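Novice: Take a look at coords.txt, compact mmCIF, C-alpha atoms:
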# COMPACT_ATOMS: atom_id res chain seq x y z
CA MET A 1 51.97 69.77 38.59
CA VAL A 2 50.07 73.05 38.26
CA THR A 3 47.02 73.39 40.46
CA ARG A 4 43.87 74.09 38.47
CA GLY A 5 42.92 77.75 38.67
CA THR A 6 39.44 79.11 38.27
CA TRP A 7 39.78 80.39 34.74
CA SER A 8 37.52 80.65 31.77
CA THR A 9 38.22 81.20 28.09
CA VAL A 10 38.10 84.78 26.81
CA LYS A 11 36.41 85.38 23.46
CA ASP A 12 38.14 88.68 22.72
CA ARG A 13 41.82 88.60 23.63
CA SER A 14 42.14 92.32 22.93
CA GLU A 15 40.46 93.01 26.26
CA TRP A 16 43.88 92.56 27.90
CA THR A 17 44.57 96.24 27.15
CA GLY A 18 41.65 97.34 29.29
CA ARG A 19 42.92 95.22 32.16
CA ARG A 20 46.42 96.67 31.78
CA ASP A 21 44.96 100.18 31.76
CA ALA A 22 42.98 99.39 34.91
CA GLY A 23 46.19 98.15 36.55
CA ARG A 24 47.95 101.38 35.66
CA ALA A 25 45.05 103.49 36.93
CA ASN A 26 44.76 101.61 40.22
CA LEU A 27 48.49 101.91 40.83
CA LYS A 28 48.45 105.63 40.09
CA THR A 29 45.51 106.12 42.45
CA ALA A 30 47.21 104.13 45.22
CA ARG A 31 50.44 106.13 44.81
CA ASN A 32 48.57 109.43 44.87
CA ALA A 33 46.56 108.43 47.93
CA LEU A 34 49.78 107.47 49.69
CA LEU A 35 51.26 110.90 48.96
CA VAL A 36 48.39 112.77 50.60
CA ALA A 37 47.62 110.33 53.43
CA ASP A 38 47.90 111.56 57.00
CA GLU A 39 50.48 109.75 59.09
CA GLY A 40 48.55 107.52 61.46
CA GLY A 41 45.63 107.36 59.02
CA ASP A 42 43.92 104.27 57.71
CA GLY A 43 45.69 102.73 54.73
CA ARG A 44 42.99 100.23 53.76
CA LEU A 45 41.91 102.00 50.58
CA ILE A 46 45.52 102.36 49.48
CA VAL A 47 46.13 98.66 50.05
CA GLN A 48 42.96 97.86 48.08
CA GLY A 49 44.23 99.96 45.17
CA ALA A 50 47.52 98.06 45.18
CA ILE A 51 45.66 94.75 45.21
CA LEU A 52 43.29 95.77 42.40
CA CYS A 53 46.31 96.90 40.39
CA SER A 54 47.90 93.48 40.72
CA ILE A 55 44.70 91.61 39.89
CA ALA A 56 44.25 93.71 36.75
CA TYR A 57 47.83 93.10 35.62
CA GLY A 58 47.49 89.39 36.30
CA ASP A 59 44.33 89.26 34.23
CA ALA A 60 45.96 91.26 31.41
CA LEU A 61 48.79 88.74 31.24
CA THR A 62 46.61 85.62 31.29
CA ILE A 63 44.27 87.07 28.68
CA LYS A 64 47.02 88.20 26.31
CA VAL A 65 49.24 85.15 26.60
CA ALA A 66 46.75 82.30 26.97
CA GLY A 67 43.28 83.67 26.24
CA ILE A 68 42.04 82.84 29.75
CA ARG A 69 40.80 84.98 32.61
CA ASN A 70 40.82 84.11 36.27
CA GLY A 71 37.38 83.98 37.82
CA ILE A 72 35.44 83.33 41.00
CA ASP A 73 38.35 83.31 43.46
CA HIS A 74 41.10 85.93 43.22
CA GLN A 75 43.23 83.82 45.55
CA ARG A 76 43.66 81.39 42.63
CA LEU A 77 45.09 84.04 40.29
CA PRO A 78 48.69 82.87 40.90
CA ASP A 79 47.65 79.38 39.72
CA THR A 80 46.02 80.85 36.63
CA LEU A 81 49.10 82.94 35.94
CA ARG A 82 51.35 79.88 36.27
CA HIS A 83 49.11 77.95 33.91
CA ALA A 84 49.13 80.76 31.34
CA LEU A 85 52.84 81.62 31.45
CA GLY A 86 54.35 78.35 32.62
CA ASN A 87 57.96 78.67 33.73
CA ARG A 88 58.12 82.19 32.30
CA VAL A 89 56.66 83.44 35.56
CA ALA A 90 59.20 83.45 38.38
CA GLN A 91 58.15 82.03 41.72
CA ALA A 92 59.07 85.39 43.26
CA GLU A 93 56.32 87.09 41.24
CA LEU A 94 53.76 84.46 42.21
CA THR A 95 54.75 84.86 45.85
CA ARG A 96 54.51 88.67 45.62
CA LEU A 97 51.06 88.40 44.04
CA GLY A 98 49.94 85.85 46.63
CA ARG A 99 51.02 88.11 49.50
CA LEU A 100 49.01 90.98 48.08
CA LEU A 101 45.94 88.83 47.51
CA LYS A 102 46.05 87.54 51.10
CA ARG A 103 45.39 91.14 52.21
CA LYS A 104 42.30 91.49 50.01
CA ASP A 105 39.60 90.50 52.47
CA ASP A 106 41.25 92.22 55.43
CA SER A 107 41.64 95.48 53.52
CA ALA A 108 38.14 95.41 52.05
CA TYR A 109 36.08 93.91 54.86
CA GLY A 110 38.26 93.94 57.96
CA HIS A 111 37.39 95.92 61.05
CA ARG A 112 40.91 97.13 61.79
CA ALA A 113 42.63 100.06 60.18
CA LEU A 114 45.77 99.26 58.21
CA SER A 115 48.80 101.44 58.86
CA LEU A 116 50.45 103.60 56.27
CA ASN A 117 53.45 101.31 56.57
CA ASP A 118 51.18 98.46 55.46
CA ALA A 119 50.02 100.67 52.58
CA ARG A 120 53.59 101.57 51.60
CA THR A 121 54.53 97.90 51.56
CA ALA A 122 51.51 96.99 49.44
CA VAL A 123 52.21 99.78 46.94
CA ALA A 124 55.87 98.75 46.69
CA GLN A 125 54.82 95.14 46.03
CA ALA A 126 52.28 96.27 43.43
CA GLU A 127 54.87 98.48 41.74
CA ALA A 128 57.31 95.60 41.49
CA PHE A 129 54.62 93.28 40.14
CA ALA A 130 53.46 95.93 37.66
CA THR A 131 57.01 96.50 36.41
CA TRP A 132 57.43 92.78 35.79
CA ALA A 133 53.97 92.50 34.19
CA GLU A 134 54.56 95.44 31.85
CA ALA A 135 57.76 93.78 30.61
CA GLU A 136 55.95 90.49 30.08
CA LEU A 137 53.10 92.19 28.23
CA VAL A 138 55.60 93.74 25.80
CA ARG A 139 57.22 90.35 25.39
CA GLY A 140 53.81 88.84 24.64
Hey, can you dump this file as structure tokens for me?

Specialist:
Amino acid sequence: MVTRGTWSTVKDRSEWTGRRDAGRANLKTARNALLVADEGGDGRLIVQGAILCSIAYGDALTIKVAGIRNGIDHQRLPDTLRHALGNRVAQAELTRLGRLLKRKDDSAYGHRALSLNDARTAVAQAEAFATWAEAELVRG
């Protein structure tokens, strides 16, 4: 049984392209920030970029495939994605997305710096999720 996400119906399904473009832009920004970051610096903004990338790609998929958009609670995006794509979405992708989303509050509101290793891990996870999402978006 699929847990109920926090989605709503989208009136204009073509908005998925804007979400995909936001995912691409956030990933590019996170990668670039990682390239110029000082070793020992704070990786929170890089982690946030990776998370925002994944949220945008998740929204693009749910909008294009099912005409729904996750809302209210980003932690429920994996449930919304499962509802939209059914068994087309591998558990590994849902797990990857869930791991990224668990870092959202800590990276945005936490009091501790996140290491560049944390940032590298988040960007790698976002890249893998984005690669999968791009393939699914082509598949439609």

Novice: Within 8 Å of (47.3, 102.0, 57.0) (file coordinates; all atoms listed in the file), which protein or nucleic acid residues are there? I'd like them as a list in words.

Specialist: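 Residues close enough to count: Gly40, Gly41, Asp42, Gly43, Arg44, Ile46, Val47, Ala113, Leu114, Ser115, Leu116, Asn117, Asp118 and Ala119 of chain A.
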
Novice: As an exercise, work out the distance from atom CA of Arg31 of chain A to atom CA of Glu15 of chain A in Å and give it to one decimal place.

Specialist: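 If I compute the distance from atom CA of Arg31 of chain A to atom CA of Glu15 of chain A, I get 24.8 Å.
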
Novice: For segment 60-71 of chain A, find every residue with an atom within 10 Å (counting all atoms listed in the file), except residues of its own chain fewer than 5 positions away, and show them as an mmCIF file with C-alpha atoms, in the frame of the given file.

Specialist:
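Full text of around.cif as output:
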data_model
loop_
_atom_site.group_PDB
_atom_site.id
_atom_site.type_symbol
_atom_site.label_atom_id
_atom_site.label_comp_id
_atom_site.auth_asym_id
_atom_site.auth_seq_id
_atom_site.Cartn_x
_atom_site.Cartn_y
_atom_site.Cartn_z
ATOM 1 C CA GLY A 5 42.920 77.750 38.670
ATOM 2 C CA THR A 6 39.440 79.110 38.270
ATOM 3 C CA TRP A 7 39.780 80.390 34.740
ATOM 4 C CA SER A 8 37.520 80.650 31.770
ATOM 5 C CA THR A 9 38.220 81.200 28.090
ATOM 6 C CA VAL A 10 38.100 84.780 26.810
ATOM 7 C CA LYS A 11 36.410 85.380 23.460
ATOM 8 C CA ASP A 12 38.140 88.680 22.720
ATOM 9 C CA ARG A 13 41.820 88.600 23.630
ATOM 10 C CA SER A 14 42.140 92.320 22.930
ATOM 11 C CA GLU A 15 40.460 93.010 26.260
ATOM 12 C CA TRP A 16 43.880 92.560 27.900
ATOM 13 C CA THR A 17 44.570 96.240 27.150
ATOM 14 C CA GLY A 18 41.650 97.340 29.290
ATOM 15 C CA ARG A 19 42.920 95.220 32.160
ATOM 16 C CA ARG A 20 46.420 96.670 31.780
ATOM 17 C CA ASP A 21 44.960 100.180 31.760
ATOM 18 C CA ALA A 22 42.980 99.390 34.910
ATOM 19 C CA GLY A 23 46.190 98.150 36.550
ATOM 20 C CA SER A 54 47.900 93.480 40.720
ATOM 21 C CA ILE A 55 44.700 91.610 39.890
ATOM 22 C CA ARG A 76 43.660 81.390 42.630
ATOM 23 C CA LEU A 77 45.090 84.040 40.290
ATOM 24 C CA PRO A 78 48.690 82.870 40.900
ATOM 25 C CA ASP A 79 47.650 79.380 39.720
ATOM 26 C CA THR A 80 46.020 80.850 36.630
ATOM 27 C CA LEU A 81 49.100 82.940 35.940
ATOM 28 C CA ARG A 82 51.350 79.880 36.270
ATOM 29 C CA HIS A 83 49.110 77.950 33.910
ATOM 30 C CA ALA A 84 49.130 80.760 31.340
ATOM 31 C CA LEU A 85 52.840 81.620 31.450
ATOM 32 C CA ALA A 133 53.970 92.500 34.190
ATOM 33 C CA GLU A 134 54.560 95.440 31.850
ATOM 34 C CA GLU A 136 55.950 90.490 30.080
ATOM 35 C CA LEU A 137 53.100 92.190 28.230
ATOM 36 C CA ARG A 139 57.220 90.350 25.390
ATOM 37 C CA GLY A 140 53.810 88.840 24.640
#

Novice: Using Å and a single decimal, report how far atom CA of Asn87 of chain A sits from atom CA of Lys102 of chain A.

Specialist: 22.9 Å

Novice: Select, from A:Ala25, A:Leu101, A:Ala122, A:Ala90, the residue with the minimum atom-to-atom distance to Leu45 of chain A, counting all atoms listed in the file.

Specialist: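 Nearest candidate to Leu45 of chain A out of A:Ala25, A:Leu101, A:Ala122, A:Ala90: A:Ala122.
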
Novice: What is the atom CA of Gln125 of chain A to atom CA of Cys53 of chain A distance in Å?

Specialist: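 These atoms are spaced 10.4 Å apart.
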
Novice: Using all atoms listed in the file, find the one residue out of A:Ala108, A:Leu27, A:Ala130, A:Ala37 that sits nearest to Gly49 of chain A.

Specialist: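 Closest to Gly49 of chain A of all the choices is A:Leu27.
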
Novice: Could you check the closest approach to Ala30 of chain A for each of A:Tyr109, A:Gln75, A:Leu94, A:Ala126 and tell me which residue wins, using only C-alpha atoms?

Specialist: A:Ala126

Novice: For Val123 of chain A, which residue out of A:Val138, A:Leu34, A:Leu97, A:Val89 is the nearest one, using only C-alpha atoms?

Specialist: A:Leu34

Novice: Excluding Arg103 of chain A and any residue of its chain fewer than 4 positions from it, enumerate the residues within 8 Å of it, using only C-alpha atoms, and give them as a list in words.

Specialist: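 The neighbour list is Val47, Ile51, Arg99 and Ser107 of chain A.
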